[in-house]
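Asker: entry-v3.pdb is the file, holding PDB, C-alpha atoms, pLDDT in the B column:
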ATOM      1  CA  MET A   1      81.501-172.261  63.009  1.00 94.00           C
ATOM      2  CA  ILE A   2      78.912-175.022  62.865  1.00 97.00           C
ATOM      3  CA  ILE A   3      79.745-178.112  60.799  1.00 98.00           C
ATOM      4  CA  ALA A   4      77.028-180.635  59.910  1.00 98.00           C
ATOM      5  CA  VAL A   5      78.058-184.136  58.883  1.00 98.00           C
ATOM      6  CA  ASP A   6      75.265-186.412  57.682  1.00 97.00           C
ATOM      7  CA  GLY A   7      75.197-189.815  56.067  1.00 96.00           C
ATOM      8  CA  PRO A   8      73.943-193.395  56.267  1.00 95.00           C
ATOM      9  CA  THR A   9      75.142-196.105  58.630  1.00 90.00           C
ATOM     10  CA  ALA A  10      78.790-197.202  58.389  1.00 92.00           C
ATOM     11  CA  SER A  11      79.642-194.409  55.958  1.00 95.00           C
ATOM     12  CA  GLY A  12      82.539-193.099  58.034  1.00 94.00           C
ATOM     13  CA  LYS A  13      80.767-189.876  59.002  1.00 95.00           C
ATOM     14  CA  GLY A  14      81.683-190.298  62.671  1.00 94.00           C
ATOM     15  CA  THR A  15      85.381-190.639  61.860  1.00 95.00           C
ATOM     16  CA  ILE A  16      85.241-187.576  59.632  1.00 97.00           C
ATOM     17  CA  ALA A  17      83.296-185.556  62.211  1.00 97.00           C
ATOM     18  CA  ARG A  18      85.850-186.324  64.930  1.00 97.00           C
ATOM     19  CA  ALA A  19      88.731-185.448  62.591  1.00 98.00           C
ATOM     20  CA  LEU A  20      87.093-182.125  61.712  1.00 98.00           C
ATOM     21  CA  ALA A  21      86.525-181.380  65.392  1.00 97.00           C
ATOM     22  CA  ASP A  22      90.185-182.053  66.155  1.00 97.00           C
ATOM     23  CA  HIS A  23      91.397-179.984  63.205  1.00 97.00           C
ATOM     24  CA  PHE A  24      89.250-176.938  63.930  1.00 96.00           C
ATOM     25  CA  GLY A  25      89.275-177.217  67.729  1.00 97.00           C
ATOM     26  CA  LEU A  26      85.522-177.696  68.090  1.00 97.00           C
ATOM     27  CA  PRO A  27      83.385-179.885  70.364  1.00 95.00           C
ATOM     28  CA  VAL A  28      81.734-182.815  68.594  1.00 94.00           C
ATOM     29  CA  LEU A  29      78.435-184.632  69.147  1.00 93.00           C
ATOM     30  CA  ASP A  30      77.580-188.026  67.717  1.00 92.00           C
ATOM     31  CA  THR A  31      73.818-187.533  67.657  1.00 91.00           C
ATOM     32  CA  GLY A  32      73.317-191.179  66.789  1.00 88.00           C
ATOM     33  CA  LEU A  33      74.572-191.981  70.284  1.00 92.00           C
ATOM     34  CA  LEU A  34      71.472-190.288  71.710  1.00 95.00           C
ATOM     35  CA  TYR A  35      69.222-192.574  69.676  1.00 93.00           C
ATOM     36  CA  ARG A  36      71.352-195.571  70.627  1.00 94.00           C
ATOM     37  CA  ALA A  37      70.851-194.621  74.269  1.00 96.00           C
ATOM     38  CA  VAL A  38      67.079-194.448  73.777  1.00 96.00           C
ATOM     39  CA  GLY A  39      67.048-197.786  71.975  1.00 96.00           C
ATOM     40  CA  TYR A  40      69.179-199.444  74.629  1.00 97.00           C
ATOM     41  CA  GLN A  41      67.159-197.928  77.485  1.00 97.00           C
ATOM     42  CA  THR A  42      63.997-199.237  75.830  1.00 97.00           C
ATOM     43  CA  GLN A  43      65.521-202.704  75.914  1.00 96.00           C
ATOM     44  CA  LEU A  44      66.596-202.292  79.550  1.00 96.00           C
ATOM     45  CA  ASP A  45      63.024-201.274  80.354  1.00 97.00           C
ATOM     46  CA  HIS A  46      61.757-204.417  78.565  1.00 97.00           C
ATOM     47  CA  GLY A  47      59.896-202.166  76.156  1.00 97.00           C
ATOM     48  CA  ASP A  48      59.241-202.512  72.431  1.00 97.00           C
ATOM     49  CA  PRO A  49      61.382-200.146  70.293  1.00 96.00           C
ATOM     50  CA  ASP A  50      58.695-200.253  67.599  1.00 96.00           C
ATOM     51  CA  LYS A  51      56.128-198.800  70.007  1.00 97.00           C
ATOM     52  CA  ALA A  52      56.276-195.012  70.232  1.00 96.00           C
ATOM     53  CA  ALA A  53      55.160-194.887  73.874  1.00 97.00           C
ATOM     54  CA  ASP A  54      57.880-197.288  75.026  1.00 97.00           C
ATOM     55  CA  ALA A  55      60.583-195.456  73.074  1.00 97.00           C
ATOM     56  CA  LEU A  56      59.425-192.044  74.321  1.00 96.00           C
ATOM     57  CA  ALA A  57      59.584-193.211  77.934  1.00 96.00           C
ATOM     58  CA  ALA A  58      63.187-194.270  77.345  1.00 96.00           C
ATOM     59  CA  CYS A  59      64.150-190.732  76.274  1.00 94.00           C
ATOM     60  CA  ASP A  60      64.504-189.967  79.980  1.00 91.00           C
ATOM     61  CA  PHE A  61      67.700-192.032  80.116  1.00 93.00           C
ATOM     62  CA  PRO A  62      70.430-191.050  82.619  1.00 90.00           C
ATOM     63  CA  ASP A  63      73.395-189.118  81.186  1.00 85.00           C
ATOM     64  CA  SER A  64      75.699-191.833  82.511  1.00 91.00           C
ATOM     65  CA  LEU A  65      74.272-194.201  79.903  1.00 93.00           C
ATOM     66  CA  LEU A  66      76.070-192.285  77.129  1.00 89.00           C
ATOM     67  CA  GLY A  67      79.343-193.754  78.392  1.00 90.00           C
ATOM     68  CA  ASP A  68      78.134-197.363  78.322  1.00 94.00           C
ATOM     69  CA  PRO A  69      80.179-199.481  75.849  1.00 92.00           C
ATOM     70  CA  ALA A  70      76.989-201.367  74.998  1.00 93.00           C
ATOM     71  CA  LEU A  71      75.828-198.370  72.972  1.00 93.00           C
ATOM     72  CA  ARG A  72      78.472-199.282  70.377  1.00 86.00           C
ATOM     73  CA  TYR A  73      77.148-202.811  69.895  1.00 86.00           C
ATOM     74  CA  GLU A  74      75.792-203.678  66.462  1.00 81.00           C
ATOM     75  CA  SER A  75      72.511-204.779  68.015  1.00 87.00           C
ATOM     76  CA  THR A  76      72.128-201.392  69.710  1.00 92.00           C
ATOM     77  CA  GLY A  77      72.540-199.669  66.346  1.00 88.00           C
ATOM     78  CA  GLY A  78      69.552-201.625  65.095  1.00 89.00           C
ATOM     79  CA  LEU A  79      67.523-200.530  68.131  1.00 93.00           C
ATOM     80  CA  ALA A  80      68.486-196.901  67.463  1.00 92.00           C
ATOM     81  CA  SER A  81      67.261-197.132  63.897  1.00 88.00           C
ATOM     82  CA  ARG A  82      63.920-198.493  65.115  1.00 93.00           C
ATOM     83  CA  VAL A  83      63.255-195.875  67.808  1.00 94.00           C
ATOM     84  CA  SER A  84      64.351-193.020  65.542  1.00 90.00           C
ATOM     85  CA  VAL A  85      61.326-193.488  63.272  1.00 89.00           C
ATOM     86  CA  HIS A  86      59.016-192.173  66.022  1.00 93.00           C
ATOM     87  CA  PRO A  87      58.358-188.416  65.697  1.00 91.00           C
ATOM     88  CA  GLN A  88      57.847-188.203  69.471  1.00 92.00           C
ATOM     89  CA  VAL A  89      61.373-189.489  70.088  1.00 94.00           C
ATOM     90  CA  ARG A  90      62.916-187.097  67.555  1.00 90.00           C
ATOM     91  CA  ALA A  91      61.059-184.192  69.165  1.00 91.00           C
ATOM     92  CA  ALA A  92      62.252-185.193  72.635  1.00 92.00           C
ATOM     93  CA  LEU A  93      65.907-185.210  71.540  1.00 94.00           C
ATOM     94  CA  PHE A  94      65.653-182.182  69.242  1.00 92.00           C
ATOM     95  CA  GLN A  95      66.444-179.402  71.722  1.00 89.00           C
ATOM     96  CA  ARG A  96      69.481-181.166  73.164  1.00 88.00           C
ATOM     97  CA  GLN A  97      71.018-181.317  69.706  1.00 93.00           C
ATOM     98  CA  VAL A  98      70.083-177.741  68.787  1.00 94.00           C
ATOM     99  CA  ASP A  99      71.605-176.402  72.008  1.00 91.00           C
ATOM    100  CA  PHE A 100      74.840-178.262  71.303  1.00 92.00           C
ATOM    101  CA  ALA A 101      75.014-176.890  67.763  1.00 95.00           C
ATOM    102  CA  ASN A 102      74.378-173.308  68.837  1.00 95.00           C
ATOM    103  CA  GLN A 103      76.859-173.136  71.718  1.00 94.00           C
ATOM    104  CA  PRO A 104      79.354-170.229  71.647  1.00 95.00           C
ATOM    105  CA  GLY A 105      82.254-170.918  69.303  1.00 94.00           C
ATOM    106  CA  GLY A 106      80.445-173.517  67.232  1.00 95.00           C
ATOM    107  CA  ALA A 107      80.433-177.296  67.050  1.00 97.00           C
ATOM    108  CA  VAL A 108      80.562-180.360  64.842  1.00 97.00           C
ATOM    109  CA  LEU A 109      77.549-182.672  64.791  1.00 97.00           C
ATOM    110  CA  ASP A 110      77.173-185.931  62.933  1.00 95.00           C
ATOM    111  CA  GLY A 111      73.925-187.707  62.284  1.00 93.00           C
ATOM    112  CA  ARG A 112      71.266-188.110  59.645  1.00 91.00           C
ATOM    113  CA  ASP A 113      69.298-184.849  59.777  1.00 92.00           C
ATOM    114  CA  ILE A 114      71.820-182.291  61.023  1.00 95.00           C
ATOM    115  CA  GLY A 115      72.079-180.202  57.861  1.00 96.00           C
ATOM    116  CA  THR A 116      68.360-180.407  57.116  1.00 95.00           C
ATOM    117  CA  VAL A 117      66.648-180.214  60.530  1.00 93.00           C
ATOM    118  CA  ILE A 118      68.960-179.686  63.516  1.00 95.00           C
ATOM    119  CA  ALA A 119      71.278-177.042  62.042  1.00 96.00           C
ATOM    120  CA  PRO A 120      70.050-175.957  58.605  1.00 96.00           C
ATOM    121  CA  HIS A 121      72.031-172.742  59.197  1.00 96.00           C
ATOM    122  CA  ALA A 122      75.327-174.652  59.519  1.00 97.00           C
ATOM    123  CA  ASP A 123      78.323-172.922  57.958  1.00 96.00           C
ATOM    124  CA  ALA A 124      79.531-176.128  56.300  1.00 97.00           C
ATOM    125  CA  LYS A 125      77.538-179.243  55.478  1.00 98.00           C
ATOM    126  CA  LEU A 126      78.819-182.613  54.314  1.00 98.00           C
ATOM    127  CA  PHE A 127      76.910-185.681  53.222  1.00 98.00           C
ATOM    128  CA  VAL A 128      79.235-188.650  53.688  1.00 98.00           C
ATOM    129  CA  THR A 129      78.363-191.897  51.978  1.00 97.00           C
ATOM    130  CA  ALA A 130      79.674-195.040  50.303  1.00 97.00           C
ATOM    131  CA  SER A 131      78.081-197.931  48.462  1.00 97.00           C
ATOM    132  CA  ALA A 132      76.017-200.316  50.591  1.00 97.00           C
ATOM    133  CA  GLU A 133      78.419-203.116  49.699  1.00 97.00           C
ATOM    134  CA  GLU A 134      81.470-201.141  50.826  1.00 97.00           C
ATOM    135  CA  ARG A 135      79.775-200.027  54.024  1.00 97.00           C
ATOM    136  CA  ALA A 136      78.812-203.626  54.779  1.00 97.00           C
ATOM    137  CA  ARG A 137      82.379-204.776  54.047  1.00 97.00           C
ATOM    138  CA  ARG A 138      83.800-202.262  56.514  1.00 95.00           C
ATOM    139  CA  ARG A 139      81.242-203.067  59.194  1.00 93.00           C
ATOM    140  CA  HIS A 140      81.771-206.800  58.699  1.00 95.00           C
ATOM    141  CA  ALA A 141      85.549-206.450  59.074  1.00 95.00           C
ATOM    142  CA  GLU A 142      85.093-204.324  62.183  1.00 90.00           C
ATOM    143  CA  MET A 143      82.772-206.869  63.785  1.00 89.00           C
ATOM    144  CA  LEU A 144      85.115-209.773  63.016  1.00 93.00           C
ATOM    145  CA  SER A 145      88.005-207.825  64.567  1.00 93.00           C
ATOM    146  CA  ARG A 146      85.949-207.574  67.747  1.00 86.00           C
ATOM    147  CA  GLY A 147      85.347-211.313  67.743  1.00 89.00           C
ATOM    148  CA  VAL A 148      81.730-211.074  66.592  1.00 86.00           C
ATOM    149  CA  GLU A 149      80.976-213.978  64.270  1.00 90.00           C
ATOM    150  CA  VAL A 150      78.554-212.820  61.587  1.00 93.00           C
ATOM    151  CA  SER A 151      78.239-213.340  57.852  1.00 95.00           C
ATOM    152  CA  TYR A 152      78.833-210.577  55.328  1.00 96.00           C
ATOM    153  CA  ASP A 153      75.386-211.243  53.826  1.00 97.00           C
ATOM    154  CA  ALA A 154      73.735-210.668  57.212  1.00 95.00           C
ATOM    155  CA  VAL A 155      75.581-207.371  57.656  1.00 95.00           C
ATOM    156  CA  LEU A 156      74.667-206.256  54.141  1.00 96.00           C
ATOM    157  CA  ALA A 157      71.007-207.080  54.769  1.00 96.00           C
ATOM    158  CA  ASP A 158      71.126-205.015  57.969  1.00 92.00           C
ATOM    159  CA  VAL A 159      72.701-202.072  56.117  1.00 94.00           C
ATOM    160  CA  HIS A 160      69.928-202.172  53.514  1.00 96.00           C
ATOM    161  CA  ALA A 161      67.265-202.417  56.258  1.00 93.00           C
ATOM    162  CA  ARG A 162      68.664-199.434  58.145  1.00 90.00           C
ATOM    163  CA  ASP A 163      68.943-197.385  54.964  1.00 93.00           C
ATOM    164  CA  ALA A 164      65.298-198.133  54.181  1.00 93.00           C
ATOM    165  CA  ARG A 165      64.166-197.067  57.655  1.00 89.00           C
ATOM    166  CA  ASP A 166      66.329-193.943  57.686  1.00 89.00           C
ATOM    167  CA  THR A 167      65.305-192.688  54.245  1.00 92.00           C
ATOM    168  CA  GLY A 168      61.691-193.835  54.450  1.00 90.00           C
ATOM    169  CA  ARG A 169      60.586-192.387  57.765  1.00 84.00           C
ATOM    170  CA  ALA A 170      58.084-189.553  57.566  1.00 82.00           C
ATOM    171  CA  ASP A 171      59.794-187.363  60.146  1.00 81.00           C
ATOM    172  CA  ALA A 172      63.271-185.963  59.329  1.00 83.00           C
ATOM    173  CA  PRO A 173      64.342-188.656  56.869  1.00 89.00           C
ATOM    174  CA  LEU A 174      67.952-189.126  55.862  1.00 92.00           C
ATOM    175  CA  LEU A 175      68.642-186.955  52.832  1.00 92.00           C
ATOM    176  CA  ARG A 176      71.348-184.682  51.517  1.00 95.00           C
ATOM    177  CA  ALA A 177      70.873-180.977  52.153  1.00 95.00           C
ATOM    178  CA  VAL A 178      70.848-179.010  48.904  1.00 95.00           C
ATOM    179  CA  ASP A 179      73.965-177.096  49.969  1.00 95.00           C
ATOM    180  CA  ALA A 180      75.869-180.085  51.353  1.00 96.00           C
ATOM    181  CA  MET A 181      79.082-181.393  49.827  1.00 97.00           C
ATOM    182  CA  LEU A 182      78.676-184.990  48.654  1.00 97.00           C
ATOM    183  CA  LEU A 183      81.643-187.019  49.869  1.00 98.00           C
ATOM    184  CA  ASP A 184      81.453-190.547  48.465  1.00 97.00           C
ATOM    185  CA  ASN A 185      84.370-192.388  50.035  1.00 97.00           C
ATOM    186  CA  SER A 186      83.689-195.811  48.506  1.00 96.00           C
ATOM    187  CA  ASP A 187      87.147-195.773  46.921  1.00 96.00           C
ATOM    188  CA  MET A 188      88.944-193.617  49.509  1.00 96.00           C
ATOM    189  CA  ASP A 189      90.989-194.541  52.538  1.00 94.00           C
ATOM    190  CA  ARG A 190      90.454-192.729  55.821  1.00 94.00           C
ATOM    191  CA  ASP A 191      93.176-190.134  55.300  1.00 96.00           C
ATOM    192  CA  ALA A 192      91.953-189.178  51.831  1.00 97.00           C
ATOM    193  CA  ALA A 193      88.352-188.804  53.016  1.00 97.00           C
ATOM    194  CA  VAL A 194      89.389-186.677  55.997  1.00 97.00           C
ATOM    195  CA  ALA A 195      91.610-184.489  53.802  1.00 97.00           C
ATOM    196  CA  ALA A 196      88.746-183.887  51.369  1.00 97.00           C
ATOM    197  CA  ALA A 197      86.416-182.949  54.214  1.00 98.00           C
ATOM    198  CA  ILE A 198      88.917-180.544  55.779  1.00 97.00           C
ATOM    199  CA  ALA A 199      89.622-178.897  52.427  1.00 97.00           C
ATOM    200  CA  PHE A 200      85.905-178.336  51.865  1.00 96.00           C
ATOM    201  CA  VAL A 201      85.366-176.785  55.297  1.00 97.00           C
ATOM    202  CA  GLU A 202      88.446-174.595  54.895  1.00 95.00           C
ATOM    203  CA  GLU A 203      87.020-173.308  51.620  1.00 93.00           C
ATOM    204  CA  ARG A 204      83.670-172.605  53.237  1.00 91.00           C
ATOM    205  CA  ARG A 205      85.418-170.748  56.063  1.00 88.00           C
ATOM    206  CA  LYS A 206      87.190-168.504  53.540  1.00 86.00           C
ATOM    207  CA  HIS A 207      83.820-167.498  52.102  1.00 80.00           C
ATOM    208  CA  ARG A 208      82.565-166.639  55.586  1.00 73.00           C
ATOM    209  CA  ALA A 209      85.552-164.393  56.323  1.00 64.00           C
TER
END
If you convert what's in this file into structure tokens, what do you get?
Answerer:
Amino acid sequence: MIIAVDGPTASGKGTIARALADHFGLPVLDTGLLYRAVGYQTQLDHGDPDKAADALAACDFPDSLLGDPALRYESTGGLASRVSVHPQVRAALFQRQVDFANQPGGAVLDGRDIGTVIAPHADAKLFVTASAEERARRRHAEMLSRGVEVSYDAVLADVHARDARDTGRADAPLLRAVDAMLLDNSDMDRDAAVAAAIAFVEERRKHRA
């Protein structure tokens, strides 16, 4: 069973993807981590994430980089959004994601183009979202809990900027697959959102049987 979980930044799609993987006993891939690794490697190489050639060169990052805590930094998320607009970068990371999705037994993948590009044949697709204001509120609270001093307005502006880049890029833009369940968790807590996602996938699995 392949489960695709897409959605914008700070929507909770990663939390839901991990919960689904635990529930159904499947491996999970945060595809955004690959783009974070490229963005961070570009910075380490003193390259420009807005230049396709620099970002493409960084696609040859060592696997060990995926375990670097720096990939979870807010600044690295911004770098990932910038390198992901380059078609060359998306092409370079495409096969790695496809191979993960198609492994024996299935998998859960979360990202922005899983249900539309990476695994359009997925057995269950979810599009997880929340209002920009709620996503910024959650991200702001998370950053403050880590001791990062930043204003809510700055976080909200970054959310809007990332949404614009993700939905506006020419290659594999963020959009909801026509057969994806829309899960707007603006007014849900974590447990309610996870329960809704599990119920949807269970229903899809019944139809497959």
Asker: Each residue of stretch 18-79 of chain A lying at most 8 Å from stretch 109-114 of chain A should get a row with its shortest atom-to-atom pair and the distance in Å to one decimal, counting only C-alpha atoms; could you produce that, ordered by chain and increasing number, as a tab-separated table?
Answerer:
residue	atom	partner	partner_atom	distance
A:Val28	CA	A:Leu109	CA	5.7
A:Leu29	CA	A:Leu109	CA	4.9
A:Asp30	CA	A:Asp110	CA	5.2
A:Thr31	CA	A:Gly111	CA	5.4
A:Gly32	CA	A:Gly111	CA	5.7
Asker: For this file, the PyMOL selection byres ((chain A and resi 74) around 12) selects which residues, as a PyMOL selection string?
Answerer: chain A and resi 9-10+36+39-40+69-73+75-81+139-140+142-144+146+148-150+154-155+158-159+162
Asker: Identify, on the basis of all atoms listed in the file, every residue whose closest approach to stretch 61-67 of chain A does not exceed 8 Å; exclude the query and any residue fewer than 4 positions from it along the same chain; express the result as an MDAnalysis selection string.
Answerer: chainID A and resid 33:34 37:38 41 71
Asker: Enumerate, as a ChimeraX atom specification, the residues matched when the PyMOL selection byres ((chain A and resi 182) around 7) is run on the file above.
Answerer: /A:126-128,180-181,183-184
Asker: Okay, now the selection with C-alpha atoms, as a PDB file, in the coordinates of the input?
Answerer:
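Generated output (again_12.pdb):
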ATOM      1  CA  LEU A 126      78.819-182.613  54.314  1.00 98.00           C
ATOM      2  CA  PHE A 127      76.910-185.681  53.222  1.00 98.00           C
ATOM      3  CA  VAL A 128      79.235-188.650  53.688  1.00 98.00           C
ATOM      4  CA  ALA A 180      75.869-180.085  51.353  1.00 96.00           C
ATOM      5  CA  MET A 181      79.082-181.393  49.827  1.00 97.00           C
ATOM      6  CA  LEU A 183      81.643-187.019  49.869  1.00 98.00           C
ATOM      7  CA  ASP A 184      81.453-190.547  48.465  1.00 97.00           C
TER       8      ASP A 184
END
Asker: So the first atom is atom CA of A:Gly147 and the second is atom CA of A:Asn185; what is the distance between them in Å, to one decimal place?
Answerer: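 Distance between the two atoms: 25.9 Å.
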Asker: Between atom CA of A:Pro173 and atom CA of A:Val194, what is the distance in Å, rounded to a tenth?
Answerer: 25.1 Å
Asker: For atom CA of A:Ala107 and atom CA of A:Ala119, determine how far apart the two atoms are, in Å to one decimal place.
Answerer: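 For atom CA of A:Ala107 relative to atom CA of A:Ala119, the distance reads 10.4 Å.
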Asker: Measuring between only C-alpha atoms, which one of A:His23, A:Arg176, A:Arg190, A:Lys51 shows the shortest distance to A:His86?
Answerer: A:Lys51
Asker: Got a sec: who's within 6 Å of A:Ile3, counting all atoms listed in the file, leaving out chain neighbours fewer than 4 positions off, as a list in words?
Answerer: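 The contact residues come out as Val108, Ala122, Ala124 and Lys125 of chain A.
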Asker: List the residues selected by the PyMOL selection byres ((chain A and resi 169) around 12) in the file shown, writing them as a list in words.
Answerer: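 Taken on the displayed file, the PyMOL selection byres ((chain A and resi 169) around 12) yields the residues Ser81, Arg82, Val83, Ser84, Val85, His86, Pro87, Arg90, Arg112, Asp113, Arg162, Asp163, Ala164, Arg165, Asp166, Thr167, Gly168, Ala170, Asp171, Ala172, Pro173, Leu174 and Leu175 of chain A.
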Asker: Can you work out which one of A:Ser186, A:Gln43, A:Asn102, A:Thr15 has the shortest atom-to-atom distance to A:Asp123, counting all atoms listed in the file?
Answerer: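 Looking only at the distances to A:Asp123, the closest residue turns out to be A:Asn102.
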Asker: Complete the atoms of stretch 8-17 of chain A to all heavy atoms and put them out as a PDB file, in the frame of the given file.
Answerer:
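result_1.pdb, freshly written:
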ATOM      1  N   PRO A   8      74.535-192.127  55.836  1.00 95.00           N
ATOM      2  CA  PRO A   8      73.943-193.395  56.267  1.00 95.00           C
ATOM      3  C   PRO A   8      74.863-194.166  57.205  1.00 95.00           C
ATOM      4  O   PRO A   8      76.013-193.770  57.449  1.00 95.00           O
ATOM      5  CB  PRO A   8      73.739-194.139  54.946  1.00 95.00           C
ATOM      6  CG  PRO A   8      74.843-193.633  54.072  1.00 95.00           C
ATOM      7  CD  PRO A   8      74.981-192.178  54.436  1.00 95.00           C
ATOM      8  N   THR A   9      74.376-195.280  57.713  1.00 90.00           N
ATOM      9  CA  THR A   9      75.142-196.105  58.630  1.00 90.00           C
ATOM     10  C   THR A   9      76.436-196.616  57.991  1.00 90.00           C
ATOM     11  O   THR A   9      76.461-196.932  56.799  1.00 90.00           O
ATOM     12  CB  THR A   9      74.284-197.308  59.099  1.00 90.00           C
ATOM     13  OG1 THR A   9      74.998-198.023  60.104  1.00 90.00           O
ATOM     14  CG2 THR A   9      73.948-198.251  57.971  1.00 90.00           C
ATOM     15  N   ALA A  10      77.486-196.654  58.796  1.00 92.00           N
ATOM     16  CA  ALA A  10      78.790-197.202  58.389  1.00 92.00           C
ATOM     17  C   ALA A  10      79.422-196.462  57.214  1.00 92.00           C
ATOM     18  O   ALA A  10      80.212-197.031  56.474  1.00 92.00           O
ATOM     19  CB  ALA A  10      78.663-198.687  58.064  1.00 92.00           C
ATOM     20  N   SER A  11      79.089-195.188  57.066  1.00 95.00           N
ATOM     21  CA  SER A  11      79.642-194.409  55.958  1.00 95.00           C
ATOM     22  C   SER A  11      80.972-193.753  56.313  1.00 95.00           C
ATOM     23  O   SER A  11      81.657-193.219  55.437  1.00 95.00           O
ATOM     24  CB  SER A  11      78.655-193.315  55.533  1.00 95.00           C
ATOM     25  OG  SER A  11      78.395-192.429  56.612  1.00 95.00           O
ATOM     26  N   GLY A  12      81.320-193.760  57.590  1.00 94.00           N
ATOM     27  CA  GLY A  12      82.539-193.099  58.034  1.00 94.00           C
ATOM     28  C   GLY A  12      82.309-191.673  58.496  1.00 94.00           C
ATOM     29  O   GLY A  12      83.265-190.938  58.760  1.00 94.00           O
ATOM     30  N   LYS A  13      81.047-191.267  58.623  1.00 95.00           N
ATOM     31  CA  LYS A  13      80.767-189.876  59.002  1.00 95.00           C
ATOM     32  C   LYS A  13      81.253-189.557  60.403  1.00 95.00           C
ATOM     33  O   LYS A  13      81.682-188.433  60.676  1.00 95.00           O
ATOM     34  CB  LYS A  13      79.275-189.561  58.865  1.00 95.00           C
ATOM     35  CG  LYS A  13      78.358-190.345  59.790  1.00 95.00           C
ATOM     36  CD  LYS A  13      76.906-189.999  59.522  1.00 95.00           C
ATOM     37  CE  LYS A  13      75.977-190.769  60.473  1.00 95.00           C
ATOM     38  NZ  LYS A  13      76.063-192.231  60.251  1.00 95.00           N
ATOM     39  N   GLY A  14      81.212-190.535  61.317  1.00 94.00           N
ATOM     40  CA  GLY A  14      81.683-190.298  62.671  1.00 94.00           C
ATOM     41  C   GLY A  14      83.179-190.039  62.708  1.00 94.00           C
ATOM     42  O   GLY A  14      83.648-189.132  63.405  1.00 94.00           O
ATOM     43  N   THR A  15      83.930-190.820  61.936  1.00 95.00           N
ATOM     44  CA  THR A  15      85.381-190.639  61.860  1.00 95.00           C
ATOM     45  C   THR A  15      85.717-189.267  61.300  1.00 95.00           C
ATOM     46  O   THR A  15      86.594-188.557  61.812  1.00 95.00           O
ATOM     47  CB  THR A  15      86.001-191.724  60.962  1.00 95.00           C
ATOM     48  OG1 THR A  15      85.776-193.005  61.559  1.00 95.00           O
ATOM     49  CG2 THR A  15      87.488-191.513  60.774  1.00 95.00           C
ATOM     50  N   ILE A  16      84.998-188.875  60.253  1.00 97.00           N
ATOM     51  CA  ILE A  16      85.241-187.576  59.632  1.00 97.00           C
ATOM     52  C   ILE A  16      84.840-186.439  60.578  1.00 97.00           C
ATOM     53  O   ILE A  16      85.558-185.435  60.691  1.00 97.00           O
ATOM     54  CB  ILE A  16      84.493-187.484  58.292  1.00 97.00           C
ATOM     55  CG1 ILE A  16      85.187-188.384  57.261  1.00 97.00           C
ATOM     56  CG2 ILE A  16      84.397-186.048  57.793  1.00 97.00           C
ATOM     57  CD1 ILE A  16      84.467-188.504  55.948  1.00 97.00           C
ATOM     58  N   ALA A  17      83.731-186.596  61.271  1.00 97.00           N
ATOM     59  CA  ALA A  17      83.296-185.556  62.211  1.00 97.00           C
ATOM     60  C   ALA A  17      84.325-185.354  63.319  1.00 97.00           C
ATOM     61  O   ALA A  17      84.649-184.219  63.686  1.00 97.00           O
ATOM     62  CB  ALA A  17      81.937-185.919  62.802  1.00 97.00           C
TER      63      ALA A  17
END
